[in-house]
file target.cif (mmCIF, C-alpha atoms)
data_final
#
loop_
_atom_site.group_PDB
_atom_site.id
_atom_site.type_symbol
_atom_site.label_atom_id
_atom_site.label_comp_id
_atom_site.auth_asym_id
_atom_site.auth_seq_id
_atom_site.Cartn_x
_atom_site.Cartn_y
_atom_site.Cartn_z
ATOM 1 C CA MET A 17 193.828 184.346 302.247
ATOM 2 C CA GLY A 18 192.126 180.990 302.746
ATOM 3 C CA ARG A 19 190.249 181.214 299.473
ATOM 4 C CA ARG A 20 193.368 182.185 297.549
ATOM 5 C CA GLY A 21 195.225 179.254 299.063
ATOM 6 C CA VAL A 22 192.494 176.847 297.991
ATOM 7 C CA GLN A 23 192.495 178.256 294.458
ATOM 8 C CA GLN A 24 196.273 177.884 294.245
ATOM 9 C CA GLN A 25 196.027 174.281 295.454
ATOM 10 C CA ARG A 26 193.420 173.524 292.789
ATOM 11 C CA VAL A 27 195.644 175.051 290.095
ATOM 12 C CA VAL A 28 198.614 173.022 291.306
ATOM 13 C CA VAL A 29 196.532 169.827 291.324
ATOM 14 C CA ARG A 30 195.367 170.540 287.764
ATOM 15 C CA LEU A 31 198.935 171.150 286.601
ATOM 16 C CA VAL A 32 200.121 167.943 288.244
ATOM 17 C CA LEU A 33 197.302 165.949 286.651
ATOM 18 C CA VAL A 34 198.069 167.434 283.226
ATOM 19 C CA LEU A 35 201.772 166.647 283.614
ATOM 20 C CA VAL A 36 201.030 163.076 284.733
ATOM 21 C CA VAL A 37 198.638 162.456 281.828
ATOM 22 C CA TRP A 38 201.084 164.007 279.348
ATOM 23 C CA PHE A 39 203.948 161.940 280.769
ATOM 24 C CA LEU A 40 201.882 158.731 280.484
ATOM 25 C CA LEU A 41 200.966 159.527 276.870
ATOM 26 C CA VAL A 42 204.618 160.206 275.970
ATOM 27 C CA LEU A 43 205.755 157.063 277.789
ATOM 28 C CA ARG A 44 203.099 154.995 275.982
ATOM 29 C CA GLY A 45 204.197 156.416 272.639
ATOM 30 C CA TRP A 46 207.838 155.603 273.371
ATOM 31 C CA LEU A 47 206.887 152.051 274.360
ATOM 32 C CA VAL A 48 205.082 151.580 271.029
ATOM 33 C CA VAL A 49 208.079 152.901 269.087
ATOM 34 C CA TRP A 50 210.498 150.806 271.171
ATOM 35 C CA ARG A 51 208.454 147.644 270.495
ATOM 36 C CA ARG A 52 208.577 148.319 266.755
ATOM 37 C CA VAL A 53 212.345 148.860 266.861
ATOM 38 C CA VAL A 54 212.886 145.711 268.940
ATOM 39 C CA LEU A 55 210.717 143.648 266.584
ATOM 40 C CA ARG A 56 212.685 144.948 263.579
ATOM 41 C CA TRP A 57 216.035 144.150 265.222
ATOM 42 C CA ARG A 58 214.826 140.703 266.272
ATOM 43 C CA GLY A 59 213.744 139.989 262.705
ATOM 44 C CA ARG A 60 217.156 141.050 261.393
ATOM 45 C CA LEU A 61 218.985 138.952 263.984
ATOM 46 C CA ARG A 62 216.832 135.912 263.224
ATOM 47 C CA ARG A 63 217.480 136.303 259.495
ATOM 48 C CA ARG A 64 221.226 136.582 260.097
ATOM 49 C CA GLN A 65 221.265 133.519 262.344
ATOM 50 C CA LEU A 66 219.262 131.494 259.809
ATOM 51 C CA SER A 67 221.599 132.509 256.967
ATOM 52 C CA ARG A 68 224.650 131.615 259.083
ATOM 53 C CA SER A 69 223.212 128.243 260.122
ATOM 54 C CA ARG A 70 222.326 127.462 256.505
ATOM 55 C CA GLY A 71 225.851 128.362 255.357
ATOM 56 C CA ALA A 72 227.367 126.210 258.109
ATOM 57 C CA GLU A 73 225.170 123.245 257.183
ATOM 58 C CA GLY A 74 225.896 123.633 253.467
ATOM 59 C CA GLY A 75 229.639 123.965 254.067
#

call {"tool": "encode", "arguments": {"input": "target.cif", "output": "structure tokens"}}
result
Amino acid sequence: MGRRGVQQQRVVVRLVLVLVVWFLLVLRGWLVVWRRVVLRWRGRLRRRQLSRSRGAEGG
């Protein structure tokens, strides 16, 4: 019984490690995608603000 228990614990530890590593990889990927999206939106907002300021100054 003792040996079986140890084997089960090792399997559980391996599964947990795999899940943690997988979760970190997915989280890292989402962070990269999120940064790209944020940068795109910031660029659009900056362009809009510049166009508005230019129109206000011209008018």

call {"tool": "atom_distance", "arguments": {"input": "target.cif", "atom1": "atom CA of Arg64 of chain A", "atom2": "atom CA of Gly45 of chain A"}}
result
29.0 Å

call {"tool": "atom_distance", "arguments": {"input": "target.cif", "atom1": "atom CA of Val29 of chain A", "atom2": "atom CA of Val48 of chain A"}}
result
28.6 Å

call {"tool": "atom_distance", "arguments": {"input": "target.cif", "atom1": "atom CA of Leu47 of chain A", "atom2": "atom CA of Leu35 of chain A"}}
result
18.0 Å
